[in-house]
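Okay, run14.cif is below, mmCIF, C-alpha atoms:
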data_entry
loop_
_atom_site.label_atom_id
_atom_site.label_comp_id
_atom_site.auth_asym_id
_atom_site.auth_seq_id
_atom_site.Cartn_x
_atom_site.Cartn_y
_atom_site.Cartn_z
CA MET A 1 -4.56 -18.83 -12.27
CA LYS A 2 -3.11 -16.51 -14.89
CA LEU A 3 -0.42 -14.29 -13.43
CA ILE A 4 -0.03 -10.73 -14.67
CA ASN A 5 3.40 -9.19 -15.20
CA LEU A 6 3.10 -6.39 -12.66
CA MET A 7 5.99 -4.39 -14.07
CA THR A 8 4.36 -4.30 -17.51
CA TYR A 9 0.99 -3.44 -15.98
CA LEU A 10 2.44 -0.54 -14.02
CA SER A 11 4.59 0.79 -16.86
CA GLU A 12 1.46 1.04 -19.01
CA ASN A 13 -0.57 2.81 -16.31
CA PRO A 14 0.40 6.45 -15.68
CA TYR A 15 -1.54 6.77 -12.44
CA PRO A 16 -2.62 3.78 -10.32
CA GLY A 17 -2.29 6.15 -7.34
CA ARG A 18 -1.35 4.15 -4.26
CA GLY A 19 -0.66 0.43 -4.54
CA ILE A 20 -0.23 -2.58 -2.25
CA ILE A 21 1.36 -5.90 -3.21
CA LEU A 22 1.25 -8.88 -0.84
CA GLY A 23 2.51 -12.37 -1.57
CA ARG A 24 5.10 -15.10 -1.15
CA THR A 25 8.67 -15.10 -2.45
CA ALA A 26 9.71 -17.61 -5.10
CA ASP A 27 11.71 -19.68 -2.59
CA ASP A 28 8.54 -20.03 -0.45
CA LYS A 29 10.44 -18.86 2.63
CA LYS A 30 9.34 -15.24 2.99
CA ALA A 31 6.25 -13.07 2.88
CA ALA A 32 6.61 -10.18 0.43
CA VAL A 33 5.10 -6.75 1.07
CA ALA A 34 5.28 -3.64 -1.10
CA TYR A 35 3.57 -0.26 -0.95
CA PHE A 36 3.99 2.77 -3.20
CA ILE A 37 2.54 6.24 -3.41
CA MET A 38 2.17 8.54 -6.39
CA GLY A 39 1.01 12.13 -6.70
CA ARG A 40 -0.29 14.59 -9.26
CA SER A 41 -0.30 17.75 -7.11
CA GLU A 42 2.71 19.49 -5.59
CA ASN A 43 1.32 18.73 -2.13
CA SER A 44 1.10 14.99 -2.83
CA ARG A 45 4.52 14.87 -4.45
CA ASN A 46 6.15 16.69 -1.53
CA ARG A 47 6.56 13.53 0.55
CA VAL A 48 9.05 10.89 1.62
CA PHE A 49 8.81 7.59 3.49
CA GLU A 50 10.59 7.58 6.83
CA GLU A 51 11.20 4.53 9.03
CA THR A 52 9.62 4.44 12.49
CA GLU A 53 10.04 1.99 15.35
CA ASP A 54 7.18 -0.19 14.11
CA GLY A 55 7.06 0.62 10.37
CA ILE A 56 7.08 3.76 8.27
CA ARG A 57 5.35 7.11 8.08
CA THR A 58 4.94 9.70 5.37
CA ARG A 59 6.56 13.06 5.98
CA ALA A 60 6.76 16.32 4.08
CA PHE A 61 10.06 16.63 2.22
CA ASP A 62 9.82 20.44 2.33
CA GLU A 63 7.69 21.54 5.29
CA SER A 64 7.33 25.05 3.83
CA LYS A 65 5.44 23.65 0.83
CA MET A 66 2.97 21.50 2.76
CA THR A 67 -0.54 22.93 2.35
CA ASP A 68 -2.90 20.22 3.66
CA PRO A 69 -1.58 17.21 5.59
CA SER A 70 -4.99 15.67 6.35
CA LEU A 71 -4.99 12.86 3.76
CA ILE A 72 -1.32 12.53 2.89
CA ILE A 73 0.50 12.32 6.24
CA TYR A 74 -0.05 8.98 7.98
CA HIS A 75 1.59 5.69 8.97
CA PRO A 76 1.30 3.36 5.95
CA VAL A 77 2.98 0.39 7.65
CA ARG A 78 2.87 -0.83 11.24
CA LEU A 79 4.10 -4.11 12.73
CA LEU A 80 1.89 -5.05 15.67
CA PRO A 81 3.04 -6.87 18.85
CA ASN A 82 1.25 -10.07 17.74
CA GLY A 83 3.35 -10.20 14.57
CA LEU A 84 0.61 -8.90 12.27
CA LEU A 85 1.82 -6.41 9.67
CA VAL A 86 -0.65 -3.74 8.54
CA VAL A 87 -0.21 -1.69 5.37
CA THR A 88 -2.71 0.90 4.13
CA ASN A 89 -3.02 4.14 2.19
CA GLY A 90 -4.27 6.22 5.09
CA ASP A 91 -4.84 6.61 8.81
CA GLN A 92 -6.91 3.41 8.81
CA THR A 93 -3.58 1.76 9.64
CA ASP A 94 -4.03 3.13 13.14
CA THR A 95 -7.73 2.17 13.19
CA ILE A 96 -6.82 -1.45 12.44
CA ALA A 97 -4.04 -1.44 15.04
CA ASP A 98 -6.34 0.01 17.71
CA HIS A 99 -9.16 -2.47 17.07
CA ILE A 100 -6.79 -5.45 17.10
CA ALA A 101 -5.38 -4.24 20.43
CA GLN A 102 -8.98 -4.33 21.72
CA GLY A 103 -9.40 -7.94 20.62
CA HIS A 104 -11.21 -7.32 17.33
CA CYS A 105 -10.15 -8.13 13.76
CA TYR A 106 -9.21 -5.98 10.79
CA ARG A 107 -12.68 -6.36 9.26
CA HIS A 108 -14.27 -5.00 12.42
CA ALA A 109 -11.95 -2.01 12.20
CA LEU A 110 -12.62 -1.25 8.54
CA ASN A 111 -16.39 -1.49 9.04
CA THR A 112 -16.01 1.77 10.99
CA ARG A 113 -14.33 3.56 8.05
CA LYS A 114 -15.20 4.58 4.51
CA PHE A 115 -13.52 6.06 1.44
CA GLU A 116 -11.65 9.36 1.68
CA PRO A 117 -13.69 12.61 1.76
CA ASP A 118 -12.06 14.06 -1.35
CA GLY A 119 -14.94 14.30 -3.84
CA PRO A 120 -15.39 13.95 -6.71
CA ASN A 121 -12.63 11.29 -6.58
CA TRP A 122 -13.75 9.69 -3.29
CA THR A 123 -10.39 7.94 -3.16
CA PRO A 124 -10.74 4.32 -1.99
CA ARG A 125 -9.08 3.19 1.21
CA ILE A 126 -6.98 0.13 0.44
CA SER A 127 -5.58 -2.03 3.22
CA GLY A 128 -3.58 -5.21 3.66
CA VAL A 129 -2.71 -7.42 6.61
CA VAL A 130 -0.04 -10.12 6.74
CA LEU A 131 -0.08 -12.77 9.47
CA ALA A 132 3.10 -14.18 10.99
CA ASP A 133 2.58 -17.42 9.03
CA GLY A 134 2.42 -15.53 5.73
CA LYS A 135 -1.33 -15.70 5.15
CA TYR A 136 -2.64 -12.34 3.99
CA ALA A 137 -5.72 -10.31 3.19
CA LEU A 138 -6.52 -7.23 1.13
CA SER A 139 -9.49 -4.90 1.25
CA ILE A 140 -10.90 -1.84 -0.47
CA LEU A 141 -13.50 0.65 0.75
CA LYS A 142 -14.91 2.68 -2.12
CA SER A 143 -17.95 4.62 -3.28
CA LEU A 144 -20.64 3.00 -5.39
CA ASP A 145 -19.79 4.35 -8.85
CA GLY A 146 -19.04 7.78 -7.40
CA ASP A 147 -22.11 7.91 -5.15
CA GLU A 148 -20.84 9.38 -1.89
CA SER A 149 -23.91 8.12 0.00
CA CYS A 150 -22.91 4.47 -0.41
CA CYS A 151 -19.69 2.87 0.80
CA CYS A 152 -18.88 -0.56 -0.62
CA ARG A 153 -16.54 -2.73 1.45
CA TYR A 154 -14.72 -5.64 -0.17
CA PHE A 155 -12.47 -8.16 1.60
CA PHE A 156 -10.18 -10.71 -0.04
CA GLU A 157 -8.41 -13.34 2.07
CA TYR A 158 -5.62 -15.64 0.92
CA GLU A 159 -5.12 -18.58 3.27
CA ALA A 160 -2.71 -20.61 1.13
CA PRO A 161 -0.19 -18.25 -0.52
CA VAL A 162 1.64 -19.73 -3.51
CA ALA A 163 5.40 -19.38 -3.90
CA GLY A 164 6.34 -16.70 -6.42
CA THR A 165 2.82 -15.28 -6.47
CA GLY A 166 1.24 -12.15 -5.03
CA HIS A 167 -1.84 -9.95 -5.33
CA PHE A 168 -1.94 -6.27 -6.24
CA ILE A 169 -4.56 -3.64 -5.46
CA SER A 170 -4.46 0.11 -6.07
CA THR A 171 -6.62 3.10 -5.40
CA TYR A 172 -7.27 3.92 -9.07
CA GLN A 173 -7.53 2.08 -12.36
CA GLY A 174 -5.66 4.89 -14.09
CA ASP A 175 -5.60 8.62 -14.67
CA GLY A 176 -8.78 10.63 -15.20
CA ASP A 177 -10.98 13.41 -13.90
CA PRO A 178 -12.51 12.25 -11.66
CA LEU A 179 -10.07 9.42 -11.01
CA PRO A 180 -11.63 5.98 -11.67
CA SER A 181 -11.58 3.74 -8.59
CA PHE A 182 -9.97 0.31 -8.73
CA ALA A 183 -12.51 -2.31 -9.79
CA GLY A 184 -12.69 -6.07 -9.41
CA GLU A 185 -10.57 -8.49 -7.42
CA PRO A 186 -6.90 -7.88 -6.57
CA ILE A 187 -4.71 -8.73 -9.56
CA PRO A 188 -2.68 -11.97 -9.31
CA VAL A 189 0.94 -11.15 -10.12
CA SER A 190 4.27 -12.92 -10.45
CA LEU A 191 6.90 -12.28 -7.76
CA ALA A 192 9.97 -13.63 -9.48
CA ALA A 193 12.49 -11.14 -8.06
CA GLY A 194 15.07 -12.84 -5.87
CA SER A 195 15.68 -10.12 -3.27
CA PRO A 196 13.79 -7.15 -1.82
CA GLU A 197 16.29 -4.83 -3.50
CA GLU A 198 15.56 -6.40 -6.89
CA LEU A 199 11.80 -6.17 -6.41
CA ALA A 200 12.05 -2.57 -5.23
CA ARG A 201 14.17 -1.56 -8.21
CA ALA A 202 11.88 -3.30 -10.69
CA LEU A 203 8.79 -1.68 -9.19
CA TRP A 204 10.38 1.76 -9.00
CA GLU A 205 11.51 1.67 -12.60
CA SER A 206 8.01 0.61 -13.70
CA LEU A 207 6.23 3.56 -12.07
CA ASN A 208 5.53 6.72 -14.05
CA GLU A 209 8.53 9.03 -13.71
CA ASP A 210 6.50 12.21 -13.21
CA ASN A 211 4.03 10.78 -10.70
CA LYS A 212 5.99 8.33 -8.52
CA VAL A 213 6.85 9.56 -5.02
CA SER A 214 7.95 6.79 -2.62
CA LEU A 215 8.21 3.01 -2.39
CA PHE A 216 8.49 0.51 0.48
CA VAL A 217 9.38 -3.19 0.14
CA ARG A 218 9.78 -5.71 2.94
CA TYR A 219 10.55 -9.45 2.93
CA ILE A 220 9.61 -11.27 6.16
CA ALA A 221 11.13 -14.67 6.98
CA LEU A 222 8.34 -17.12 7.84
CA GLU A 223 10.65 -19.12 10.11
CA ASP A 224 11.57 -16.40 12.60
CA GLY A 225 10.02 -13.09 11.49
CA ALA A 226 13.33 -11.47 10.57
CA HIS A 227 12.81 -8.90 7.88
CA GLN A 228 14.62 -6.91 5.21
CA THR A 229 13.31 -3.49 4.23
CA VAL A 230 14.02 -1.27 1.24
CA ILE A 231 12.80 2.33 0.94
CA ILE A 232 13.12 4.49 -2.16
CA ASN A 233 12.12 8.17 -2.20
CA LYS A 234 12.06 10.24 -5.37
CA HIS A 235 13.53 13.14 -3.40
CA GLY A 236 16.42 10.81 -2.55
CA GLU A 237 16.16 11.20 1.18
CA GLY A 238 16.42 8.00 3.20
CA ASN A 239 16.88 5.61 0.27
CA HIS A 240 18.26 2.51 1.95
CA GLY A 241 17.83 -1.09 2.97
CA THR A 242 17.70 -2.42 6.53
CA GLN A 243 17.53 -5.78 8.26
CA SER A 244 15.94 -6.70 11.57
#

Now that the file is in, can you turn its structure into structure tokens?
Amino acid sequence: MKLINLMTYLSENPYPGRGIILGRTADDKKAAVAYFIMGRSENSRNRVFEETEDGIRTRAFDESKMTDPSLIIYHPVRLLPNGLLVVTNGDQTDTIADHIAQGHCYRHALNTRKFEPDGPNWTPRISGVVLADGKYALSILKSLDGDESCCCRYFFEYEAPVAGTGHFISTYQGDGDPLPSFAGEPIPVSLAAGSPEELARALWESLNEDNKVSLFVRYIALEDGAHQTVIINKHGEGNHGTQS
């Protein structure tokens, strides 16, 4: 498997939109999770990540400038009671959590959802789940080449994560009008950074300066579930690392 240098890939892409990285740290002891958001409009850029009891949420940095919260205010990350971590680019985080609480799986939940209603972009819904043992899955719900009448649902499951390796998926392939949806399988990437702080800094510095908004990174110990979290907001509010 050829690994892509994610930092190079991101630095050469002005607008991947929202992105999820799941994988295993180089020491093979932790699951690695990262999620970032970018924005082109003032409304999209007017956001920060804020920690919650079970994960994070997006919140308006300046409430007076918020014009439409419908697709940009949500809980990107939630840690469920069974140890499953969910990370998505929309309110399907809650859909997955609700269906799992009812005894279903993440696939069952996502079969009830489709891409975002923001034509002509029809922004894909990307989602990831990480099990307590470090196994993970990614998915994308997107239109069929811009056809709003057809939702294509793709699921990718990784049952034997490799140390120092992860997979990356984003909403878009790059900038454009309309924005081109991500295509193909999640990209295999190298996770050589030694700490969550190092990975967060490398990712943040690779994202387009004008478009980047917020970044979340978490390392989860496979032995006991203890985790380290790093949040970076362009607006500077809440930039920190925590352990639990």

If the box runs along x, y and z of the file and leaves 3 Å on each side of range 175-193 of chain A, what are its centre and edge lengths in Å, one decimal, as lines of an AutoDock Vina configuration file?
center_x = -0.1
center_y = -0.1
center_z = -10.9
size_x = 31.2
size_y = 33.0
size_z = 14.6

Separating CA of Lys135 in chain A from CA of Gly225 in chain A, to the nearest tenth of an Å, is a gap of 13.3 Å

Could you give me, as a list in words, the residues within 8 Å of range 51-56 of chain A, counting only C-alpha atoms and dropping anything in the same chain fewer than 5 positions from it?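 The residues that qualify are His75, Pro76, Val77, Arg78, Leu79 and Leu80 of chain A.
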
Tell me which residues the PyMOL selection byres ((chain A and resi 187) around 12) grabs here, as a PDB file with C-alpha atoms, in the coordinates of the input.
ATOM      1  CA  MET A   1      -4.560 -18.830 -12.270  1.00  0.00           C
ATOM      2  CA  LYS A   2      -3.110 -16.510 -14.890  1.00  0.00           C
ATOM      3  CA  LEU A   3      -0.420 -14.290 -13.430  1.00  0.00           C
ATOM      4  CA  ILE A   4      -0.030 -10.730 -14.670  1.00  0.00           C
ATOM      5  CA  ASN A   5       3.400  -9.190 -15.200  1.00  0.00           C
ATOM      6  CA  LEU A   6       3.100  -6.390 -12.660  1.00  0.00           C
ATOM      7  CA  TYR A   9       0.990  -3.440 -15.980  1.00  0.00           C
ATOM      8  CA  LEU A  10       2.440  -0.540 -14.020  1.00  0.00           C
ATOM      9  CA  GLY A  19      -0.660   0.430  -4.540  1.00  0.00           C
ATOM     10  CA  ILE A  20      -0.230  -2.580  -2.250  1.00  0.00           C
ATOM     11  CA  ILE A  21       1.360  -5.900  -3.210  1.00  0.00           C
ATOM     12  CA  LEU A  22       1.250  -8.880  -0.840  1.00  0.00           C
ATOM     13  CA  GLY A  23       2.510 -12.370  -1.570  1.00  0.00           C
ATOM     14  CA  LEU A 138      -6.520  -7.230   1.130  1.00  0.00           C
ATOM     15  CA  PHE A 156     -10.180 -10.710  -0.040  1.00  0.00           C
ATOM     16  CA  THR A 165       2.820 -15.280  -6.470  1.00  0.00           C
ATOM     17  CA  GLY A 166       1.240 -12.150  -5.030  1.00  0.00           C
ATOM     18  CA  HIS A 167      -1.840  -9.950  -5.330  1.00  0.00           C
ATOM     19  CA  PHE A 168      -1.940  -6.270  -6.240  1.00  0.00           C
ATOM     20  CA  ILE A 169      -4.560  -3.640  -5.460  1.00  0.00           C
ATOM     21  CA  SER A 170      -4.460   0.110  -6.070  1.00  0.00           C
ATOM     22  CA  GLN A 173      -7.530   2.080 -12.360  1.00  0.00           C
ATOM     23  CA  PHE A 182      -9.970   0.310  -8.730  1.00  0.00           C
ATOM     24  CA  ALA A 183     -12.510  -2.310  -9.790  1.00  0.00           C
ATOM     25  CA  GLY A 184     -12.690  -6.070  -9.410  1.00  0.00           C
ATOM     26  CA  GLU A 185     -10.570  -8.490  -7.420  1.00  0.00           C
ATOM     27  CA  PRO A 186      -6.900  -7.880  -6.570  1.00  0.00           C
ATOM     28  CA  PRO A 188      -2.680 -11.970  -9.310  1.00  0.00           C
ATOM     29  CA  VAL A 189       0.940 -11.150 -10.120  1.00  0.00           C
ATOM     30  CA  SER A 190       4.270 -12.920 -10.450  1.00  0.00           C
TER      31      SER A 190
END

Of the listed residues A:Asp94, A:Glu159, A:Asp210, A:Glu197, that which approaches Thr242 in chain A most closely, counting all atoms listed in the file: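 Checking each candidate against Thr242 in chain A, we get A:Glu197 as the closest.
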
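Distance annotation: of A:Arg153, A:Arg113, A:Arg47, A:His99, the residue with the minimal separation from Leu215 in chain A is A:Arg47; atom set is all atoms listed in the file.
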
Selection result of the PyMOL selection byres ((chain A and resi 95) around 9) on this file, as an mmCIF file with C-alpha atoms, in the frame of the given file:
data_model
loop_
_atom_site.group_PDB
_atom_site.id
_atom_site.type_symbol
_atom_site.label_atom_id
_atom_site.label_comp_id
_atom_site.auth_asym_id
_atom_site.auth_seq_id
_atom_site.Cartn_x
_atom_site.Cartn_y
_atom_site.Cartn_z
ATOM 1 C CA ASP A 91 -4.840 6.610 8.810
ATOM 2 C CA GLN A 92 -6.910 3.410 8.810
ATOM 3 C CA THR A 93 -3.580 1.760 9.640
ATOM 4 C CA ASP A 94 -4.030 3.130 13.140
ATOM 5 C CA ILE A 96 -6.820 -1.450 12.440
ATOM 6 C CA ALA A 97 -4.040 -1.440 15.040
ATOM 7 C CA ASP A 98 -6.340 0.010 17.710
ATOM 8 C CA HIS A 99 -9.160 -2.470 17.070
ATOM 9 C CA ILE A 100 -6.790 -5.450 17.100
ATOM 10 C CA TYR A 106 -9.210 -5.980 10.790
ATOM 11 C CA ALA A 109 -11.950 -2.010 12.200
ATOM 12 C CA LEU A 110 -12.620 -1.250 8.540
ATOM 13 C CA THR A 112 -16.010 1.770 10.990
ATOM 14 C CA ARG A 113 -14.330 3.560 8.050
#

CA of His104 in chain A to CA of Gly128 in chain A measures 15.8 Å

Notebook entry, point to check: Which residue gives the smallest distance to Tyr154 in chain A among A:Phe115, A:Ala193, A:Lys234, A:Ser11, with only C-alpha atoms counted?
Noted result: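 For Tyr154 in chain A, the nearest of the candidates is A:Phe115.
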
| request: Would you list the contacts of Lys30 in chain A as number ranges by chain, taking every protein, DNA or RNA residue within 9 Å and counting only C-alpha atoms, but skipping same-chain residues closer than 3 positions in sequence? | output: A: 23-27, 134, 163, 219-223, 225, 227

Show me, as CSV, the residues of range 68-124 of chain A having an atom within 10 Å of range 32-38 of chain A, each with the closest atom pair and its distance in Å, using all atoms listed in the file.
residue,atom,partner,partner_atom,distance
A:Ile72,CA,A:Ile37,CA,9.7
A:Pro76,CA,A:Tyr35,CA,8.1
A:Val77,CA,A:Tyr35,CA,8.6
A:Leu85,CA,A:Val33,CA,9.2
A:Val86,CA,A:Val33,CA,9.9
A:Val87,CA,A:Tyr35,CA,7.5
A:Thr88,CA,A:Tyr35,CA,8.2
A:Asn89,CA,A:Ile37,CA,8.2

Restrict the selected residues to C-alpha atoms and save them as a PDB file, in the frame of the given file.
ATOM      1  CA  ILE A  72      -1.320  12.530   2.890  1.00  0.00           C
ATOM      2  CA  PRO A  76       1.300   3.360   5.950  1.00  0.00           C
ATOM      3  CA  VAL A  77       2.980   0.390   7.650  1.00  0.00           C
ATOM      4  CA  LEU A  85       1.820  -6.410   9.670  1.00  0.00           C
ATOM      5  CA  VAL A  86      -0.650  -3.740   8.540  1.00  0.00           C
ATOM      6  CA  VAL A  87      -0.210  -1.690   5.370  1.00  0.00           C
ATOM      7  CA  THR A  88      -2.710   0.900   4.130  1.00  0.00           C
ATOM      8  CA  ASN A  89      -3.020   4.140   2.190  1.00  0.00           C
TER       9      ASN A  89
END

Given the PyMOL selection byres ((chain A and resi 120-125) around 8), the residues it picks as an MDAnalysis selection string
chainID A and resid 88:90 92 114:119 126:127 140:143 146 148 171:172 177:182

**Message:** What does the structure give for the distance between CA of Pro161 in chain A and CA of Glu205 in chain A, in Å to one decimal?
**Reply:**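 Computing it gives 26.1 Å between the two atoms.
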
Within 12 Å of Arg45 in chain A using all atoms listed in the file, minus same-chain residues under 3 positions, as a compact mmCIF listing (two decimals) with C-alpha atoms, keeping the file's coordinate frame:
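See result.txt below for the written result:
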# COMPACT_ATOMS: atom_id res chain seq x y z
CA GLY A 17 -2.29 6.15 -7.34
CA ILE A 37 2.54 6.24 -3.41
CA MET A 38 2.17 8.54 -6.39
CA GLY A 39 1.01 12.13 -6.70
CA ARG A 40 -0.29 14.59 -9.26
CA SER A 41 -0.30 17.75 -7.11
CA GLU A 42 2.71 19.49 -5.59
CA VAL A 48 9.05 10.89 1.62
CA PHE A 49 8.81 7.59 3.49
CA THR A 58 4.94 9.70 5.37
CA ARG A 59 6.56 13.06 5.98
CA ALA A 60 6.76 16.32 4.08
CA PHE A 61 10.06 16.63 2.22
CA ASP A 62 9.82 20.44 2.33
CA LYS A 65 5.44 23.65 0.83
CA MET A 66 2.97 21.50 2.76
CA THR A 67 -0.54 22.93 2.35
CA PRO A 69 -1.58 17.21 5.59
CA ILE A 72 -1.32 12.53 2.89
CA ILE A 73 0.50 12.32 6.24
CA GLU A 209 8.53 9.03 -13.71
CA ASP A 210 6.50 12.21 -13.21
CA ASN A 211 4.03 10.78 -10.70
CA LYS A 212 5.99 8.33 -8.52
CA VAL A 213 6.85 9.56 -5.02
CA SER A 214 7.95 6.79 -2.62
CA ASN A 233 12.12 8.17 -2.20
CA LYS A 234 12.06 10.24 -5.37
CA HIS A 235 13.53 13.14 -3.40

* To do: Using all atoms listed in the file, pick whichever of A:Tyr15, A:Gly164, A:Ala101, A:Glu50 has the shortest atom-to-atom distance to Phe216 in chain A.
  =>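 Of A:Tyr15, A:Gly164, A:Ala101, A:Glu50, the one nearest Phe216 in chain A is A:Glu50, counting all atoms listed in the file.
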
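Counting all atoms listed in the file and comparing A:Pro81, A:Asn13, A:Arg107, A:Asn43, the residue that lies closest to Glu63 in chain A is A:Asn43.
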
Please supply range 56-68 of chain A, rebuilt with N, CA, C and O atoms, as a compact mmCIF listing (two decimals), keeping the file's coordinate frame.
# COMPACT_ATOMS: atom_id res chain seq x y z
N ILE A 56 6.70 2.53 8.96
CA ILE A 56 7.08 3.76 8.27
C ILE A 56 5.97 4.80 8.42
O ILE A 56 4.83 4.47 8.75
N ARG A 57 6.34 6.03 8.16
CA ARG A 57 5.35 7.11 8.08
C ARG A 57 5.67 7.95 6.86
O ARG A 57 6.80 7.92 6.33
N THR A 58 4.68 8.70 6.40
CA THR A 58 4.94 9.70 5.37
C THR A 58 5.29 11.01 6.06
O THR A 58 4.78 11.30 7.15
N ARG A 59 6.15 11.77 5.42
CA ARG A 59 6.56 13.06 5.98
C ARG A 59 6.80 14.03 4.85
O ARG A 59 7.21 13.64 3.74
N ALA A 60 6.51 15.30 5.09
CA ALA A 60 6.76 16.32 4.08
C ALA A 60 8.26 16.43 3.82
O ALA A 60 9.05 16.49 4.77
N PHE A 61 8.65 16.43 2.56
CA PHE A 61 10.06 16.63 2.22
C PHE A 61 10.45 18.08 2.49
O PHE A 61 11.49 18.36 3.07
N ASP A 62 9.60 19.01 2.08
CA ASP A 62 9.82 20.44 2.33
C ASP A 62 8.62 20.95 3.11
O ASP A 62 7.54 21.15 2.55
N GLU A 63 8.79 21.12 4.42
CA GLU A 63 7.69 21.54 5.29
C GLU A 63 7.06 22.86 4.84
O GLU A 63 5.86 23.07 5.01
N SER A 64 7.85 23.74 4.24
CA SER A 64 7.33 25.05 3.83
C SER A 64 6.33 24.95 2.68
O SER A 64 5.55 25.87 2.45
N LYS A 65 6.34 23.81 1.97
CA LYS A 65 5.44 23.65 0.83
C LYS A 65 4.21 22.81 1.16
O LYS A 65 3.34 22.64 0.30
N MET A 66 4.11 22.31 2.37
CA MET A 66 2.97 21.50 2.76
C MET A 66 1.74 22.39 2.98
O MET A 66 1.79 23.33 3.77
N THR A 67 0.66 22.09 2.25
CA THR A 67 -0.54 22.93 2.35
C THR A 67 -1.67 22.26 3.11
O THR A 67 -2.44 22.91 3.80
N ASP A 68 -1.82 20.93 2.98
CA ASP A 68 -2.90 20.22 3.66
C ASP A 68 -2.43 18.80 3.97
O ASP A 68 -2.39 17.95 3.09
